[in-house]
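Undergrad: Contents of model.csv (CSV, C-alpha atoms) are below:
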```csv
chain,number,residue,atom,x,y,z
D,241,MET,CA,198.6,78.1,21.6
D,242,ASP,CA,200.7,77.0,24.6
D,243,PRO,CA,199.2,73.8,26.1
D,244,HIS,CA,200.4,74.8,29.6
D,245,LEU,CA,198.4,78.0,29.4
D,246,LEU,CA,195.4,76.0,28.0
D,247,ARG,CA,195.5,73.5,30.9
D,248,THR,CA,195.5,76.4,33.4
D,249,PHE,CA,192.5,78.0,31.6
D,250,VAL,CA,190.6,74.7,31.8
D,251,ALA,CA,191.4,74.3,35.5
D,252,VAL,CA,190.3,77.8,36.3
D,253,LEU,CA,186.9,77.3,34.7
D,254,ASP,CA,186.5,73.7,36.0
D,255,HIS,CA,187.1,75.0,39.6
D,256,ARG,CA,185.5,78.4,39.0
D,257,SER,CA,188.4,79.7,41.0
D,258,PHE,CA,192.0,80.9,40.4
D,259,SER,CA,193.0,79.7,43.9
D,260,GLY,CA,191.4,76.3,43.2
D,261,ALA,CA,193.2,75.9,39.9
D,262,ALA,CA,196.5,76.9,41.6
D,263,ALA,CA,196.0,74.2,44.2
D,264,ALA,CA,195.1,71.6,41.7
D,265,LEU,CA,198.0,72.4,39.4
D,266,GLY,CA,200.6,73.0,42.0
D,267,TYR,CA,201.1,76.7,41.0
D,268,THR,CA,200.9,79.9,42.9
D,269,GLN,CA,197.8,82.0,42.4
D,270,SER,CA,199.8,84.7,40.8
D,271,ALA,CA,201.2,82.2,38.3
D,272,VAL,CA,197.7,81.2,37.3
D,273,SER,CA,196.7,84.8,36.8
D,274,GLN,CA,199.8,85.3,34.6
D,275,HIS,CA,198.9,82.2,32.5
D,276,ILE,CA,195.4,83.4,31.9
D,277,ALA,CA,196.6,86.9,31.0
D,278,ALA,CA,199.2,85.4,28.6
D,279,LEU,CA,196.6,83.2,26.9
D,280,GLU,CA,194.2,86.2,26.5
D,281,THR,CA,197.0,88.2,24.9
D,282,ASP,CA,197.8,85.3,22.6
D,283,VAL,CA,194.2,84.9,21.4
D,284,GLY,CA,193.4,88.6,21.4
D,285,ALA,CA,190.3,88.3,23.6
D,286,ARG,CA,189.2,88.3,27.2
D,287,LEU,CA,188.5,84.7,28.2
D,288,VAL,CA,187.7,84.7,31.9
D,289,GLU,CA,185.6,87.1,34.0
D,290,ARG,CA,187.4,87.6,37.3
D,291,ARG,CA,184.5,88.3,39.8
D,292,PRO,CA,182.9,85.9,39.9
D,293,VAL,CA,185.1,83.6,37.8
D,294,ALA,CA,183.2,82.6,34.7
D,295,PRO,CA,183.9,82.2,31.0
D,296,THR,CA,183.3,85.2,28.7
D,297,PRO,CA,181.6,84.3,25.3
D,298,ALA,CA,185.1,83.8,23.8
D,299,GLY,CA,186.1,81.7,26.8
D,300,ALA,CA,183.0,79.5,26.5
D,301,ARG,CA,183.8,79.0,22.8
D,302,LEU,CA,187.4,78.0,23.6
D,303,MET,CA,186.2,75.6,26.3
D,304,GLU,CA,184.4,73.7,23.5
D,305,HIS,CA,187.8,72.9,22.0
D,306,ALA,CA,190.2,72.9,24.9
D,307,PRO,CA,189.5,69.5,26.6
D,308,ALA,CA,189.6,67.6,23.3
D,309,LEU,CA,192.9,69.4,22.3
D,310,LEU,CA,194.6,68.6,25.6
D,311,LEU,CA,193.4,65.0,25.4
D,312,ARG,CA,194.9,64.6,21.9
D,313,LEU,CA,198.2,66.0,23.1
D,314,ASP,CA,198.2,63.5,26.0
D,315,ALA,CA,197.3,60.8,23.5
D,316,ALA,CA,200.2,61.7,21.2
D,317,ARG,CA,202.7,61.6,24.2
D,318,ALA,CA,201.3,58.2,25.2
D,319,ASP,CA,201.5,56.9,21.7
D,320,LEU,CA,205.2,57.7,21.5
D,321,ALA,CA,205.9,56.3,24.9
D,322,ARG,CA,204.4,52.9,23.9
D,323,LEU,CA,207.0,52.6,21.1
D,324,HIS,CA,209.8,51.9,23.7
D,325,GLN,CA,207.9,50.8,26.8
D,326,ALA,CA,207.2,47.1,26.2
D,327,ARG,CA,205.2,45.5,29.0
D,328,PRO,CA,204.8,41.8,27.8
D,329,THR,CA,203.2,40.5,31.0
D,330,ARG,CA,201.2,43.5,32.2
D,331,LEU,CA,197.7,44.5,31.2
D,332,THR,CA,195.7,47.4,32.5
D,333,LEU,CA,192.1,47.2,31.4
D,334,ALA,CA,189.5,50.0,31.7
D,335,CYS,CA,185.8,49.1,31.5
D,336,SER,CA,182.5,51.0,31.8
D,337,PRO,CA,180.3,49.1,34.4
D,338,ALA,CA,177.9,47.4,32.0
D,339,ALA,CA,180.7,46.5,29.6
D,340,LEU,CA,182.4,44.3,32.2
D,341,GLY,CA,180.2,41.3,31.4
D,342,PRO,CA,180.7,37.5,30.8
D,343,THR,CA,182.3,38.0,27.4
D,344,VAL,CA,185.1,40.2,28.7
D,345,ALA,CA,185.5,38.1,31.9
D,346,GLN,CA,185.8,34.8,30.0
D,347,ALA,CA,188.3,36.3,27.5
D,348,LEU,CA,190.4,37.5,30.5
D,349,ALA,CA,190.3,34.0,32.0
D,350,GLU,CA,191.6,32.5,28.7
D,351,LEU,CA,194.3,35.2,28.5
D,352,ARG,CA,195.5,34.5,32.0
D,353,ALA,CA,195.5,30.7,31.3
D,354,GLY,CA,197.9,31.3,28.4
D,355,THR,CA,200.0,33.9,30.3
D,356,PRO,CA,200.3,32.6,33.9
D,357,ALA,CA,202.6,35.5,34.9
D,358,LEU,CA,200.2,38.2,33.7
D,359,ASP,CA,199.9,41.2,36.0
D,360,LEU,CA,196.3,42.2,35.4
D,361,GLU,CA,194.5,45.3,36.6
D,362,VAL,CA,190.8,46.0,35.9
D,363,ARG,CA,189.4,49.5,36.4
D,364,VAL,CA,185.7,50.4,36.2
D,365,SER,CA,184.8,54.0,35.4
D,366,GLY,CA,182.5,56.0,33.2
D,367,ARG,CA,182.7,55.8,29.4
D,368,GLU,CA,184.5,59.1,28.9
D,369,ALA,CA,187.1,58.2,31.6
D,370,VAL,CA,187.6,54.8,29.9
D,371,LEU,CA,188.3,56.4,26.6
D,372,ALA,CA,190.6,59.0,28.1
D,373,ASP,CA,192.6,56.3,29.9
D,374,VAL,CA,193.1,54.3,26.7
D,375,VAL,CA,194.2,57.2,24.5
D,376,THR,CA,196.5,58.7,27.2
D,377,GLY,CA,198.2,55.3,28.0
D,378,ARG,CA,196.8,54.9,31.5
D,379,ALA,CA,195.1,51.8,30.3
D,380,ASP,CA,196.2,49.4,27.6
D,381,LEU,CA,192.8,48.6,26.4
D,382,GLY,CA,189.2,49.6,27.1
D,383,PHE,CA,185.6,48.4,26.8
D,384,VAL,CA,182.7,50.8,26.6
D,385,ASP,CA,179.0,50.1,26.1
D,386,GLY,CA,175.9,51.8,24.8
D,387,ALA,CA,172.8,51.4,22.7
D,388,ALA,CA,172.7,51.2,18.9
D,389,ALA,CA,170.9,49.8,16.0
D,390,PRO,CA,172.0,46.2,15.3
D,391,SER,CA,175.5,46.0,13.8
D,392,ASP,CA,175.9,49.8,14.0
D,393,PRO,CA,179.0,51.1,15.9
D,394,LEU,CA,178.6,53.2,18.9
D,395,PRO,CA,179.2,57.0,18.5
D,396,MET,CA,182.7,57.9,19.5
D,397,PRO,CA,184.6,61.1,19.9
D,398,ASP,CA,187.7,61.7,17.9
D,399,LEU,CA,190.2,59.4,19.6
D,400,GLY,CA,193.1,59.8,17.2
D,401,PRO,CA,195.0,56.6,16.1
D,402,THR,CA,192.9,53.9,17.8
D,403,THR,CA,191.3,50.7,16.8
D,404,THR,CA,187.6,49.9,17.7
D,405,LEU,CA,186.1,46.4,17.5
D,406,ALA,CA,182.7,45.0,18.4
D,407,ALA,CA,183.0,42.9,21.5
D,408,ALA,CA,179.3,41.9,22.2
D,409,GLU,CA,175.7,42.6,21.2
D,410,GLU,CA,172.9,41.8,23.6
D,411,ARG,CA,169.2,42.7,23.9
D,412,LEU,CA,168.5,46.1,25.5
D,413,ALA,CA,166.2,46.1,28.5
D,414,VAL,CA,164.4,48.6,30.7
D,415,LEU,CA,164.8,48.4,34.5
D,416,LEU,CA,161.3,48.6,36.1
D,417,PRO,CA,160.2,48.3,39.8
D,418,ASP,CA,158.7,44.8,40.4
D,419,ASN,CA,155.3,46.4,41.0
D,420,HIS,CA,155.3,48.5,37.8
D,421,PRO,CA,152.3,47.8,35.5
D,422,LEU,CA,154.7,46.8,32.7
D,423,ALA,CA,156.9,44.6,34.8
D,424,ARG,CA,155.4,41.3,33.6
D,425,ARG,CA,155.4,42.2,29.9
D,426,ARG,CA,157.4,40.1,27.6
D,427,SER,CA,158.7,43.3,25.9
D,428,VAL,CA,158.1,47.0,25.8
D,429,ARG,CA,158.3,49.7,23.1
D,430,LEU,CA,160.8,52.3,24.3
D,431,THR,CA,158.9,55.1,22.7
D,432,ASP,CA,155.9,54.3,24.9
D,433,LEU,CA,158.1,55.1,27.9
D,434,ALA,CA,159.5,58.4,26.6
D,435,GLN,CA,157.3,60.5,29.0
D,436,ALA,CA,158.0,58.3,32.0
D,437,GLN,CA,160.3,59.4,34.8
D,438,TRP,CA,163.9,58.3,34.2
D,439,ILE,CA,167.1,58.1,36.2
D,440,ASP,CA,170.0,60.1,34.6
D,441,ALA,CA,172.8,57.6,35.1
D,442,ALA,CA,175.2,58.4,32.3
D,443,ASP,CA,178.1,56.3,33.6
D,444,THR,CA,176.1,53.1,34.2
D,445,ALA,CA,172.9,53.0,32.1
D,446,VAL,CA,172.4,54.2,28.5
D,447,PRO,CA,172.6,58.0,28.6
D,448,LEU,CA,169.2,59.7,28.3
D,449,ASP,CA,170.4,61.9,25.4
D,450,ARG,CA,171.3,58.7,23.5
D,451,LEU,CA,167.8,57.4,24.1
D,452,ARG,CA,166.3,60.7,22.8
D,453,ALA,CA,168.5,60.5,19.7
D,454,LEU,CA,167.7,56.8,18.9
D,455,CYS,CA,163.9,57.3,19.5
D,456,ARG,CA,163.8,60.8,17.9
D,457,THR,CA,161.8,62.3,20.7
D,458,GLU,CA,162.3,65.0,23.3
D,459,GLY,CA,161.2,62.7,26.1
D,460,PHE,CA,163.3,60.6,28.5
D,461,ARG,CA,163.6,63.4,31.1
D,462,PRO,CA,165.4,62.6,34.4
D,463,ARG,CA,163.6,62.6,37.7
D,464,ILE,CA,166.9,62.1,39.6
D,465,ARG,CA,170.6,62.0,38.7
D,466,HIS,CA,172.9,59.1,39.6
D,467,ARG,CA,176.6,59.6,39.4
D,468,GLY,CA,179.2,56.9,39.7
D,469,THR,CA,179.6,53.3,38.6
D,470,ASP,CA,177.5,51.3,41.1
D,471,LEU,CA,175.0,49.2,39.2
D,472,HIS,CA,173.5,47.8,42.4
D,473,GLY,CA,172.8,51.3,43.6
D,474,LEU,CA,171.2,52.1,40.3
D,475,ALA,CA,169.0,49.0,40.6
D,476,ALA,CA,168.0,50.0,44.2
D,477,LEU,CA,166.9,53.4,43.0
D,478,ALA,CA,164.9,51.9,40.1
D,479,ALA,CA,163.3,49.3,42.5
D,480,ALA,CA,162.2,52.1,44.8
D,481,GLY,CA,160.4,53.9,42.0
D,482,HIS,CA,162.8,56.8,41.5
D,483,GLY,CA,162.8,56.2,37.7
D,484,LEU,CA,163.6,53.9,34.8
D,485,ALA,CA,166.9,53.0,33.2
D,486,ALA,CA,168.1,51.1,30.1
D,487,LEU,CA,170.8,48.4,30.3
D,488,SER,CA,172.0,45.2,28.7
D,489,LEU,CA,169.4,42.5,29.4
D,490,PRO,CA,171.9,40.0,30.9
D,491,VAL,CA,173.3,42.7,33.2
D,492,ALA,CA,169.8,44.0,34.2
D,493,ALA,CA,168.4,40.5,34.8
D,494,ALA,CA,171.2,39.8,37.3
D,495,LEU,CA,170.4,42.9,39.4
D,496,PRO,CA,168.2,42.4,42.5
D,497,GLY,CA,164.8,43.9,43.2
D,498,ILE,CA,163.9,44.9,39.7
D,499,ALA,CA,162.2,43.6,36.5
D,500,ALA,CA,164.2,43.7,33.4
D,501,VAL,CA,161.9,43.9,30.4
D,502,PRO,CA,163.4,43.6,26.9
D,503,VAL,CA,162.9,46.4,24.3
D,504,ASP,CA,161.4,45.3,21.0
D,505,ARG,CA,160.9,48.7,19.3
D,506,PRO,CA,162.7,50.5,18.0
D,507,ARG,CA,165.0,47.7,17.0
D,508,LEU,CA,168.0,48.3,19.3
D,509,VAL,CA,170.8,46.4,20.9
D,510,HIS,CA,173.1,46.9,23.8
D,511,ARG,CA,176.6,47.0,22.3
D,512,THR,CA,180.0,46.6,23.9
D,513,GLU,CA,183.1,47.8,22.0
D,514,LEU,CA,186.8,47.3,22.5
D,515,VAL,CA,189.1,50.2,22.0
D,516,HIS,CA,192.9,50.1,21.9
D,517,PRO,CA,195.8,52.0,20.4
D,518,VAL,CA,196.9,51.1,16.9
D,519,ASN,CA,200.2,49.8,18.4
D,520,PRO,CA,198.8,47.8,21.4
D,521,THR,CA,200.9,45.9,23.9
D,522,ALA,CA,201.1,42.1,23.4
D,523,PRO,CA,198.6,41.2,26.1
D,524,ALA,CA,196.1,43.8,24.8
D,525,SER,CA,196.5,42.4,21.3
D,526,GLN,CA,196.0,38.9,22.5
D,527,LEU,CA,192.8,39.9,24.4
D,528,ALA,CA,191.4,41.6,21.3
D,529,ASP,CA,192.1,38.4,19.3
D,530,LEU,CA,190.3,36.3,21.9
D,531,ILE,CA,187.3,38.6,21.8
D,532,THR,CA,187.2,38.5,18.0
D,533,THR,CA,187.5,34.8,18.0
D,534,ALA,CA,184.7,34.4,20.5
D,535,ARG,CA,182.3,36.6,18.4
D,536,THR,CA,183.2,34.7,15.2
D,537,THR,CA,182.6,31.4,16.9
D,538,SER,CA,179.2,32.5,18.4
D,539,GLY,CA,178.1,34.1,15.2
D,540,THR,CA,177.2,37.4,17.0
```
Output the file's structure in the form of structure tokens.
TA:
Amino acid sequence: MDPHLLRTFVAVLDHRSFSGAAAALGYTQSAVSQHIAALETDVGARLVERRPVAPTPAGARLMEHAPALLLRLDAARADLARLHQARPTRLTLACSPAALGPTVAQALAELRAGTPALDLEVRVSGREAVLADVVTGRADLGFVDGAAAPSDPLPMPDLGPTTTLAAAEERLAVLLPDNHPLARRRSVRLTDLAQAQWIDAADTAVPLDRLRALCRTEGFRPRIRHRGTDLHGLAALAAAGHGLAALSLPVAAALPGIAAVPVDRPRLVHRTELVHPVNPTAPASQLADLITTARTTSGT
């Protein structure tokens, strides 16, 4: 299956438009049409309905595979490029919003102290974007966060040849308005809040589908959706009563206008994990070592 044709196919369905895909990819519209026709001939099935543009059943099935296939191809290219592109004093770090906490910031400070000429760039984006940046070489190292049982790893997609390490484990907390009846509680049971109104903030808070899986319930339904990486905006929505959200307790406690109440049941933690290629750059390897040493010293 030609990856160029597959990229065109994904672009057409992402934009729901042949002309939109052409503009995004820098092709003519006729070239996009030819790519789709060639891919349909290759797989022996019609993949895209033309008017309106939508996937056929076969196209929908292919879309379940295509993004992951293209990501792995990009990852392979980046993996080979790293073999001959040494960047001893440059580090590009990608973080999900709640992963960029004191542990990561302190480790970066120690790394810069030992490498005064370090050219450091920190990018904040959603978890999926962080992982994509790491495996495709746009970032040297990434930190992602989520909820898990104590000492359990976070669920990860197939990232190919990468290394994942625990960076931090903290208490999980629920963001509540200051005037909420539970705001002065010492702790809450997450399952008691399953039928409450929640904010769907997949790039900043713990995703609601993850809460459903951990609590084994069909609750945690969103009242509104928050897209982006603005933790303060999420806190403002929670403070105004738009819904609840789950975050790391230290991160939540630092946000204005809300009450951060720890979760005691089920027994969960907010976990941050470090992800880097199996052949990391020297600064990325040094930062991973600093994180590992800090966890060993603290006993967490």
Undergrad: Which residue, D:Val344, D:Leu358, D:Leu477, D:Ala372, has the smallest gap to Thr512 of chain D when you use only C-alpha atoms?
TA: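 The shortest atom-to-atom distance to Thr512 of chain D comes from D:Val344.
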Undergrad: Taking (197.3, 59.4, 32.3) in the file's coordinates as the center, which residues reach within 12 Å of it, counting all atoms listed in the file, put as a VMD selection string?
TA: chain D and resid 310 to 319 321 369 to 380
Undergrad: Residues as selected, C-alpha atoms, written as a PDB file, in the coordinates of the input, can you do that?
TA:
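Result file again_3.pdb:
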```pdb
ATOM      1  CA  LEU D 310     194.600  68.600  25.600  1.00  0.00           C
ATOM      2  CA  LEU D 311     193.400  65.000  25.400  1.00  0.00           C
ATOM      3  CA  ARG D 312     194.900  64.600  21.900  1.00  0.00           C
ATOM      4  CA  LEU D 313     198.200  66.000  23.100  1.00  0.00           C
ATOM      5  CA  ASP D 314     198.200  63.500  26.000  1.00  0.00           C
ATOM      6  CA  ALA D 315     197.300  60.800  23.500  1.00  0.00           C
ATOM      7  CA  ALA D 316     200.200  61.700  21.200  1.00  0.00           C
ATOM      8  CA  ARG D 317     202.700  61.600  24.200  1.00  0.00           C
ATOM      9  CA  ALA D 318     201.300  58.200  25.200  1.00  0.00           C
ATOM     10  CA  ASP D 319     201.500  56.900  21.700  1.00  0.00           C
ATOM     11  CA  ALA D 321     205.900  56.300  24.900  1.00  0.00           C
ATOM     12  CA  ALA D 369     187.100  58.200  31.600  1.00  0.00           C
ATOM     13  CA  VAL D 370     187.600  54.800  29.900  1.00  0.00           C
ATOM     14  CA  LEU D 371     188.300  56.400  26.600  1.00  0.00           C
ATOM     15  CA  ALA D 372     190.600  59.000  28.100  1.00  0.00           C
ATOM     16  CA  ASP D 373     192.600  56.300  29.900  1.00  0.00           C
ATOM     17  CA  VAL D 374     193.100  54.300  26.700  1.00  0.00           C
ATOM     18  CA  VAL D 375     194.200  57.200  24.500  1.00  0.00           C
ATOM     19  CA  THR D 376     196.500  58.700  27.200  1.00  0.00           C
ATOM     20  CA  GLY D 377     198.200  55.300  28.000  1.00  0.00           C
ATOM     21  CA  ARG D 378     196.800  54.900  31.500  1.00  0.00           C
ATOM     22  CA  ALA D 379     195.100  51.800  30.300  1.00  0.00           C
ATOM     23  CA  ASP D 380     196.200  49.400  27.600  1.00  0.00           C
TER      24      ASP D 380
END
```
Undergrad: Kindly indicate which residue among D:Ala494, D:Leu399, D:Ala388, D:Leu348 lies nearest to Pro447 of chain D, using all atoms listed in the file for the distances.
TA: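 Counting all atoms listed in the file, the residue closest to Pro447 of chain D is D:Ala388.
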Undergrad: What is the distance between atom CA of Pro297 of chain D and atom CA of Arg465 of chain D, in Å to one decimal?
TA: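 Value for the atom CA of Pro297 of chain D-atom CA of Arg465 of chain D distance: 28.2 Å.
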Undergrad: Measuring atom to atom with all atoms listed in the file, identify which of D:Leu514, D:Ala262, D:Leu333, D:Met241 is nearest to Leu279 of chain D.
TA: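 Using all atoms listed in the file, the shortest distance to Leu279 of chain D belongs to D:Met241.
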Undergrad: Which residue out of D:Gln526, D:Arg363, D:Thr532, D:Thr248 has the minimum interatomic distance to Leu351 of chain D when all atoms listed in the file are used?
TA: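 Answer, going by the shortest atom-to-atom distance: D:Gln526.
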Undergrad: Counting all atoms listed in the file, which residues sit no farther than 8 Å from the position (199.4, 44.7, 38.6) in the file's frame? I'd like them as an MDAnalysis selection string.
TA: chainID D and resid 330:332 359:361
Undergrad: Measuring atom to atom with all atoms listed in the file, identify which of D:Ser538, D:Ser391, D:Thr431, D:Thr402 is nearest to Val509 of chain D.
TA: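 Selected residue with least distance to Val509 of chain D: D:Ser391.
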Undergrad: With only C-alpha atoms as the atoms that count, which of D:Asp242, D:Asp440, D:Asp470, D:Glu513 lies nearest to Asp392 of chain D?
TA: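 Closest candidate: D:Glu513.
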Undergrad: For His275 of chain D, work out the shell of residues within 6 Å, counting only C-alpha atoms and skipping chain neighbours fewer than 3 positions away, then give it as an mmCIF file with C-alpha atoms, in the coordinates of the input.
TA:
```cif
data_model
loop_
_atom_site.group_PDB
_atom_site.id
_atom_site.type_symbol
_atom_site.label_atom_id
_atom_site.label_comp_id
_atom_site.auth_asym_id
_atom_site.auth_seq_id
_atom_site.Cartn_x
_atom_site.Cartn_y
_atom_site.Cartn_z
ATOM 1 C CA LEU D 245 198.400 78.000 29.400
ATOM 2 C CA VAL D 272 197.700 81.200 37.300
ATOM 3 C CA ALA D 278 199.200 85.400 28.600
#
```
Undergrad: Please, what distance in Å, to one decimal, runs between atom CA of Glu289 of chain D and atom CA of Phe249 of chain D?
TA: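 Going from atom CA of Glu289 of chain D over to atom CA of Phe249 of chain D covers 11.7 Å.
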Undergrad: So how far away is atom CA of Thr404 of chain D from atom CA of Leu484 of chain D, in Å?
TA: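 Going from atom CA of Leu484 of chain D over to atom CA of Thr404 of chain D, I get 29.7 Å.
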Undergrad: With only C-alpha atoms as the counted atoms, please give the residues lying no more than 6 Å from Cys335 of chain D, apart from itself and same-chain residues fewer than 5 positions off, as a PyMOL selection string.
TA: chain D and resi 340+364+382-383
Undergrad: Export, as a PDB file, in the coordinates of the input, the selected residues with C-alpha atoms.
TA:
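Dumped everything to result_10.pdb:
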```pdb
ATOM      1  CA  LEU D 340     182.400  44.300  32.200  1.00  0.00           C
ATOM      2  CA  VAL D 364     185.700  50.400  36.200  1.00  0.00           C
ATOM      3  CA  GLY D 382     189.200  49.600  27.100  1.00  0.00           C
ATOM      4  CA  PHE D 383     185.600  48.400  26.800  1.00  0.00           C
TER       5      PHE D 383
END
```
Undergrad: Set the distance at 12 Å and use all atoms listed in the file: which residues neighbour Gly473 of chain D once local chain neighbours fewer than 5 positions away are removed? I'd like the list as an NGL selection string.
TA: :D and (439 or 441 or 444-445 or 465-468 or 478-480 or 482 or 495-498)
Undergrad: Determine, counting only C-alpha atoms, which protein, DNA and RNA residues have an atom within 9 Å of an atom of Ala389 of chain D; residues of the same chain fewer than 2 positions away are not included. Present the result as a PyMOL selection string.
TA: chain D and resi 387+391-394+454+506-511
Undergrad: Applying 12 Å and only C-alpha atoms, which residues near Arg301 of chain D remain after dropping the ones on its own chain fewer than 3 positions away? List them as a PyMOL selection string.
TA: chain D and resi 285-288+295-298+304-307
